[in-house]
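The structure appears below as structure tokens.
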Amino acid sequence: MPPSVQNGSAELLGWLKRMREDQPVFRDPIGIYHVFRHEDIQQVTLNPETFSSNSATVMPGVPAELTSGMLSVTDPPAHASLRKIAGQAFTPKRIKDLEPRVVEISEQLLADVPAGEFDFVDHFAHPQPALVIAELLGIPREDVAKFRDWDEKLLATQVPDRNNEAEMAAAAEVAMGGGPFAELKAYVLELCAKRRAQAEDDFISALVHAEVDGERLADNEVANLCIQLLLAGHVSTTAVLGHLILMLDKHPEVAAELRANRELIPAAIEELLRHQPPAPKFARFTTVDTEVAGTAIPAKSVVMVWVMSANHDEQVFTEPERFDIHRNPNKHMAFGHGIHFCFGSALARIEIRVALELLFDKFADVRVAPGAEIEYYESEMFAAKRIPLVAN
């Protein structure tokens, strides 16, 4: 089984390298198939008919209302219709128009950090994307604090064994009946009802009134799509911002180069996403008997796709363990691949770029506090819990 990431990714990266070399497709003791090589992962992600995103393929007992509307777990042909409807609301113009607010929000957060030492996650990496996504959706600023508690609880939730029907059903029952997901869902459903009654200039209003070929989304679908955006969009950006600070602390020569030439920042972000993706893996579910790299995989199997491994595959990336901001091309999969390429990737890139530019503007030197031990969540997301910084 894979090593823990609670102390960072070094041990996991070593394990992934061994698996790519020795067992590129591996069936673990509980029956889950793991895929490690870039080429094989492309095969999986580009074939949604065989490798479904919907766990109901394997576990039909999972209630449809729990995930209906979530792009990440919807298969064709429904996926195309859902993405068209969402695309009417999540337009490139809406994202571009948000950049001045990203700058304003980021400047205010940095203005409020305590002098000397402060926790980067608490004071910036978490609130920046949370406030941005809240503004995009139309969530009142005074409610944003609630999301930190929901995030913490959801990240701490034990992920059920996807190959165990009883565990999956129990997890679905908890999600439906109470706990952080149910609380978050109830909150967003209330906003959907308000926006359906009286539209405002926000993403939720646009979604509840969007129409493609005579179809509209139900409030449950809108709520699930917004929750996906909230969790994937803001928690993943929080993770990437943390990885960025830690990587630049580890490589001060890169930080100096970026300070001297801001035009290199976009390439540095792509290299960071390759090296330390916020979601190291994701699951797919086989609809028929198939094979990957000569390994037979039966229908109704769980297939774990290791994005972090694909991003370090020596067949695609020269010296993959090296953090190289001049790497070109850089065909990483941190934002997914195929039809499920991340819906909010453009916004995430803006948030990360603005954050780094403003940190460079405000501080001549930023470093991790001496002796600080960085602990990571043990969850589907690879993210640091706290990052004590010393800045001047």
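Ordered as shown in the structure tokens, chains take letters A, B, and onward, while each chain numbers its residues from 1 and ligands are numbered from 1 in the order shown.
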List the neighbours of Phe282 in chain A out to 7 Å using only C-alpha atoms; skip same-chain residues closer than 5 positions along the sequence, and give me the result as a ChimeraX atom specification.
/A:304-306
Using DSSP on the backbone coordinates, identify all residues within range 90-323 of chain A classified as strand (DSSP E or B); present the result as a CSV table (one decimal) with C-alpha atoms, in the first residue's frame.
```
chain,number,residue,atom,x,y,z
A,116,GLY,CA,7.3,38.8,11.9
A,117,GLU,CA,6.0,35.3,12.0
A,118,PHE,CA,2.5,34.2,10.8
A,119,ASP,CA,0.8,31.0,9.6
A,212,VAL,CA,-29.2,24.4,-23.1
A,215,GLU,CA,-32.8,21.8,-20.2
A,281,LYS,CA,-4.7,10.3,-7.4
A,282,PHE,CA,-8.3,9.8,-8.4
A,283,ALA,CA,-10.6,6.8,-9.0
A,284,ARG,CA,-12.2,5.3,-12.1
A,285,PHE,CA,-14.6,2.3,-12.3
A,286,THR,CA,-14.6,-0.2,-15.1
A,290,THR,CA,-10.6,-4.5,-20.1
A,291,GLU,CA,-6.8,-4.4,-19.8
A,292,VAL,CA,-4.1,-1.8,-19.1
A,295,THR,CA,-2.9,-6.6,-17.1
A,296,ALA,CA,-6.5,-7.8,-17.2
A,297,ILE,CA,-9.0,-5.8,-15.2
A,302,VAL,CA,-11.9,0.2,-8.9
A,303,VAL,CA,-9.0,1.7,-10.8
A,304,MET,CA,-6.8,4.2,-8.9
A,305,VAL,CA,-5.1,6.6,-11.3
A,306,TRP,CA,-1.9,8.1,-9.9
```
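As for CA of Arg83 in chain A and CA of Phe51 in chain A, they are spaced 18.9 Å apart.
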Considering only C-alpha atoms, can you say which of A:Asp112, A:Asp219, A:Asp289, A:Asp151 comes closest to Glu190 in chain A?
A:Asp219
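With only C-alpha atoms as the atoms that count, the minimum distance from Ala206 in chain A to the choices A:Gly179, A:Leu136, A:Asn220, A:Pro266 is reached by A:Leu136.
In this model, the gap between CA of Gln228 in chain A and CA of Ala130 in chain A comes to 13.1 Å.
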